[in-house]
Amino acid sequence: MGVLTRRLTRSWSGLSAAERREAVAGYLFISPWIVGFIVFFAGPIIASFILSFTSWNIVGTPEWVGLDNYERIFTADPFFRKAVSVTLRYAAIYLPLEVFFGILIAVVLNQKLKGIGVFRTLFYMPYIVPKVATSLVWVWVLNPRYGLLNTILRQIGIEGPSWLSDPDWVLPSIILMSLWGVGGSAVIYLAGLQNIPDQLYEAASVDGANRVQKFVRITLPMLTPTIFFQLVLGMIGAFQTFTPAFIAAGRTGGPLQSGLFYMLYIYNRSFESMRMGYGAALAWIMTVFIMVLTVLVFRSSSYWVYYEAERKRTR
Amino acid sequence: MTDLSATRQRSWLGLRGLRIFNNVSGYTILMVLSALFMIPLYWMFSTAVKTPQQTFAIPPEVIPSPVEWKNFGRVFEEVPFGRFYLNTLFLAGANIVGHLVSVTLVAYGFARLRFPGRNVLFLIMLSTLMIPYQVTLVPRFVMFAKLGLTNTYWPLILPAFTGTPFLIFLVRQYMMSIPFDLDEAAYIDGATRFDVFWRIIIPLTRPALMLVIVFTFIDVWNDFLQPLIYLHDPNLFTVSLGLSFFQGARETDWNLLMAGSVLAMIPPLVLFFFAQKQLIGGISVEGLKG
């Protein structure tokens, strides 16, 4: 910080009067963001860190408890373990499926067909309507007795599970619900597909490559940066999943807490049982975890992500 | 499809025939996938126009008859859905105003004015995108609670007036693409900085501002966690919050719940339909944000 101020003052004294006026105007123009940054971002983050060392139910005064919250979370909180395991299992199953179906739909939507725009809108649609509404629709689709899915299964002679009332089936249900929103990712993959230069495919055709070879040798490698970003965002998204779990599994996480996503647990501790300090500690653990994960994934990316610019440099 | 069969088709279909064949197979896959996607929507729609008896019929009626259009009216009578609609529209409007003011000002500052520390500040702004907002949730709540502002709209509106990093980034990129000669020419003609901002840059930034409006509307309309935390008075509920409240209170009225879901989906869909062209480019940018 000291370095920064020194550099700022040094460059400030080197400015002409007109440049100074421009600089003052500049600070004024960006001042709304600066205020927001301090009041709604940096301040709360610091406050959250301090709160995480206290025990506080928002009425009385916060009581300093040192590392107690963290100790309890890591050693004596079965719900924390449950929440982490639910969230990680969700990510481990959902993310590969998301990549697969996202690319499949993107490839299908990338055809030059008449009226393709209508289909694009269709697949994108679940992504722009309220999650509460789509979650409710799925709760009804998955109704064990009157729901659509079990009715169809019954037609073909299978007695379907009780989905959201069965602890073993809550997570698969929520994964199914999320997959319905995969059109949001498909649009991203579509943009990735459209950035692949046509010459690559033309050259491959000249060399006699078939469709499958073109897909495996050109499309997939060229898409790896997109896949990579989607995976990072998906992992972060898993930890932020709230509404589908709240609506479908219920605010306490459903039968045997089988749908207790991490964010739902933070919400429960902070705003249902009003334990602000504990909730802040949970949120901090999540933030650190996400940041470490992001750094790790970025570090590892050079092993499997194909960036055209990099290849040019090494050549 | 294997290469071999493709070659064989090519030989007897001819080039034109091959194209038609490809189109037909393309449409077929599209149709199948779309149908799978549409089924839950159809289920929602058909349930929304069923009577209670039809709703719990086994096997279910695929095409409900009679069609109970009254359900949509009953949603408004039995739950203050009209109220929820107006509340959410108000919140969306206030957030749009807030974003239009703050985002344009800040983006202009970052895009077209020079000041010491600009790049550092811009990087700080971008890096805030990487930190999950959940970590600020508890202290923000505490702050608004201590100000006595829970159960009001202030916590859901005020932050918009300080801008949102992603939208600032979007608009700033757009403003960077406007030629600087325009500013210079205006300054020579004696325009002030605010004139340039207001009369030159803002009109030229209109397509990006459309994106700001649409994204803000959809975000506010769909938000659930924040209204859930801050609002307790049913008179203040948003559509999403009202719907979830309705789910808890009337667990067996699935026909009405589905009618409510249809009504909740309409505004963002209508907006999306009209703004589609502008959105196509913006979506792929937003997607990177998640």
# chains A, B, ... in the order shown; residues from 1 in each chain; ligands from 1
$ closest_atom_pairs --of "chain A" --to "chain B" --cutoff "7 Å" --atoms "only C-alpha atoms" --output "Markdown table"
| residue | atom | partner | partner_atom | distance |
| --- | --- | --- | --- | --- |
| A:Leu8 | CA | B:Pro116 | CA | 5.9 |
| A:Ser11 | CA | B:Pro116 | CA | 6.5 |
| A:Trp12 | CA | B:Pro116 | CA | 6.7 |
| A:Glu22 | CA | B:Leu113 | CA | 6.6 |
| A:Ala23 | CA | B:Phe115 | CA | 4.2 |
| A:Gly26 | CA | B:Gly109 | CA | 5.0 |
| A:Phe29 | CA | B:Gly109 | CA | 5.0 |
| A:Ile30 | CA | B:Val106 | CA | 4.1 |
| A:Pro32 | CA | B:Thr162 | CA | 4.6 |
| A:Trp33 | CA | B:Thr162 | CA | 4.9 |
| A:Val35 | CA | B:Thr162 | CA | 6.7 |
| A:Gly36 | CA | B:Thr162 | CA | 4.8 |
| A:Phe40 | CA | B:Arg140 | CA | 6.9 |
| A:Phe41 | CA | B:Thr136 | CA | 6.6 |
| A:Pro44 | CA | B:Pro139 | CA | 5.1 |
| A:Ile45 | CA | B:Thr136 | CA | 5.5 |
| A:Ala47 | CA | B:Pro139 | CA | 6.2 |
| A:Ser48 | CA | B:Pro139 | CA | 5.7 |
| A:Val108 | CA | B:Leu30 | CA | 6.5 |
| A:Leu113 | CA | B:Asn23 | CA | 6.8 |
| A:Ile128 | CA | B:Pro268 | CA | 6.6 |
| A:Val129 | CA | B:Met265 | CA | 5.2 |
| A:Pro130 | CA | B:Asn222 | CA | 4.3 |
| A:Lys131 | CA | B:Asn222 | CA | 6.6 |
| A:Val132 | CA | B:Ser240 | CA | 5.8 |
| A:Ala133 | CA | B:Ser261 | CA | 4.8 |
| A:Val137 | CA | B:Met44 | CA | 6.0 |
| A:Val141 | CA | B:Pro40 | CA | 6.7 |
| A:Tyr146 | CA | B:Phe56 | CA | 6.1 |
| A:Trp180 | CA | B:Phe37 | CA | 6.9 |
| A:Val187 | CA | B:Ser284 | CA | 6.8 |
| A:Ile188 | CA | B:Ser284 | CA | 5.4 |
| A:Ala191 | CA | B:Ser284 | CA | 6.3 |
| A:Asn210 | CA | B:Asp3 | CA | 5.7 |
| A:Leu233 | CA | B:Gly290 | CA | 6.0 |
| A:Thr243 | CA | B:Phe224 | CA | 6.9 |
| A:Ser270 | CA | B:Val138 | CA | 6.9 |
| A:Met276 | CA | B:Val138 | CA | 6.5 |
| A:Ala280 | CA | B:Val138 | CA | 6.3 |
| A:Ala283 | CA | B:Val135 | CA | 5.0 |
| A:Trp284 | CA | B:Val135 | CA | 6.1 |
| A:Thr287 | CA | B:Pro132 | CA | 6.5 |
$ write_last_selection --atoms "C-alpha atoms" --output "short mmCIF file (atom, residue, chain, number, x, y, z; two decimals), in the first residue's frame"
data_model
loop_
_atom_site.label_atom_id
_atom_site.label_comp_id
_atom_site.auth_asym_id
_atom_site.auth_seq_id
_atom_site.Cartn_x
_atom_site.Cartn_y
_atom_site.Cartn_z
CA LEU A 8 0.60 7.84 -6.93
CA SER A 11 3.02 10.68 -10.69
CA TRP A 12 0.65 13.30 -9.30
CA GLU A 22 -8.67 15.51 -15.84
CA ALA A 23 -7.49 13.24 -13.03
CA GLY A 26 -11.67 10.78 -13.42
CA PHE A 29 -16.56 9.68 -12.34
CA ILE A 30 -15.44 6.40 -10.78
CA PRO A 32 -19.67 5.48 -7.20
CA TRP A 33 -17.70 2.28 -7.65
CA VAL A 35 -17.89 3.94 -2.51
CA GLY A 36 -19.47 0.60 -3.39
CA PHE A 40 -20.37 -3.27 0.02
CA PHE A 41 -17.21 -5.23 -0.66
CA PRO A 44 -17.92 -6.45 4.61
CA ILE A 45 -15.07 -8.84 3.78
CA ALA A 47 -15.95 -7.41 8.91
CA SER A 48 -16.75 -10.98 7.95
CA VAL A 108 -26.32 -29.45 -32.82
CA LEU A 113 -30.22 -24.54 -40.60
CA ILE A 128 -33.29 -16.80 -17.92
CA VAL A 129 -36.48 -17.58 -16.00
CA PRO A 130 -36.71 -17.60 -12.18
CA LYS A 131 -34.99 -20.60 -10.60
CA VAL A 132 -37.80 -20.79 -8.07
CA ALA A 133 -40.29 -21.42 -10.89
CA VAL A 137 -41.81 -27.41 -12.07
CA VAL A 141 -42.36 -33.53 -12.51
CA TYR A 146 -48.59 -38.04 -9.72
CA TRP A 180 -32.18 -28.90 -17.78
CA VAL A 187 -24.41 -20.98 -25.62
CA ILE A 188 -20.86 -20.53 -24.30
CA ALA A 191 -19.42 -19.19 -29.06
CA ASN A 210 -13.93 -37.86 -41.39
CA LEU A 233 -17.02 -21.57 -13.04
CA THR A 243 -32.32 -21.91 -4.88
CA SER A 270 -26.54 -17.36 9.50
CA MET A 276 -23.61 -14.63 12.53
CA ALA A 280 -19.14 -15.85 8.61
CA ALA A 283 -18.38 -18.33 4.29
CA TRP A 284 -14.67 -17.63 4.78
CA THR A 287 -14.02 -18.36 -0.12
#
$ residues_around --residues "Pro78 of chain A" --least-positions-apart "4" --cutoff "12 Å" --atoms "only C-alpha atoms" --output "number ranges by chain"
A: 72-74, 82-85, 256-257, 260, 265
$ closest_residue --among "B:Ala48, B:Leu100, B:Phe197, B:Gln226" --to "Tyr267 of chain A" --atoms "only C-alpha atoms"
B:Gln226
$ closest_atom_pairs --of "segment 72-184 of chain A" --to "segment 249-253 of chain B" --cutoff "12 Å" --atoms "only C-alpha atoms" --output "CSV"
residue,atom,partner,partner_atom,distance
A:Leu136,CA,B:Glu251,CA,10.8
A:Val139,CA,B:Glu251,CA,11.0
A:Trp140,CA,B:Thr252,CA,10.2
A:Asn143,CA,B:Thr252,CA,11.1
A:Tyr146,CA,B:Thr252,CA,11.2
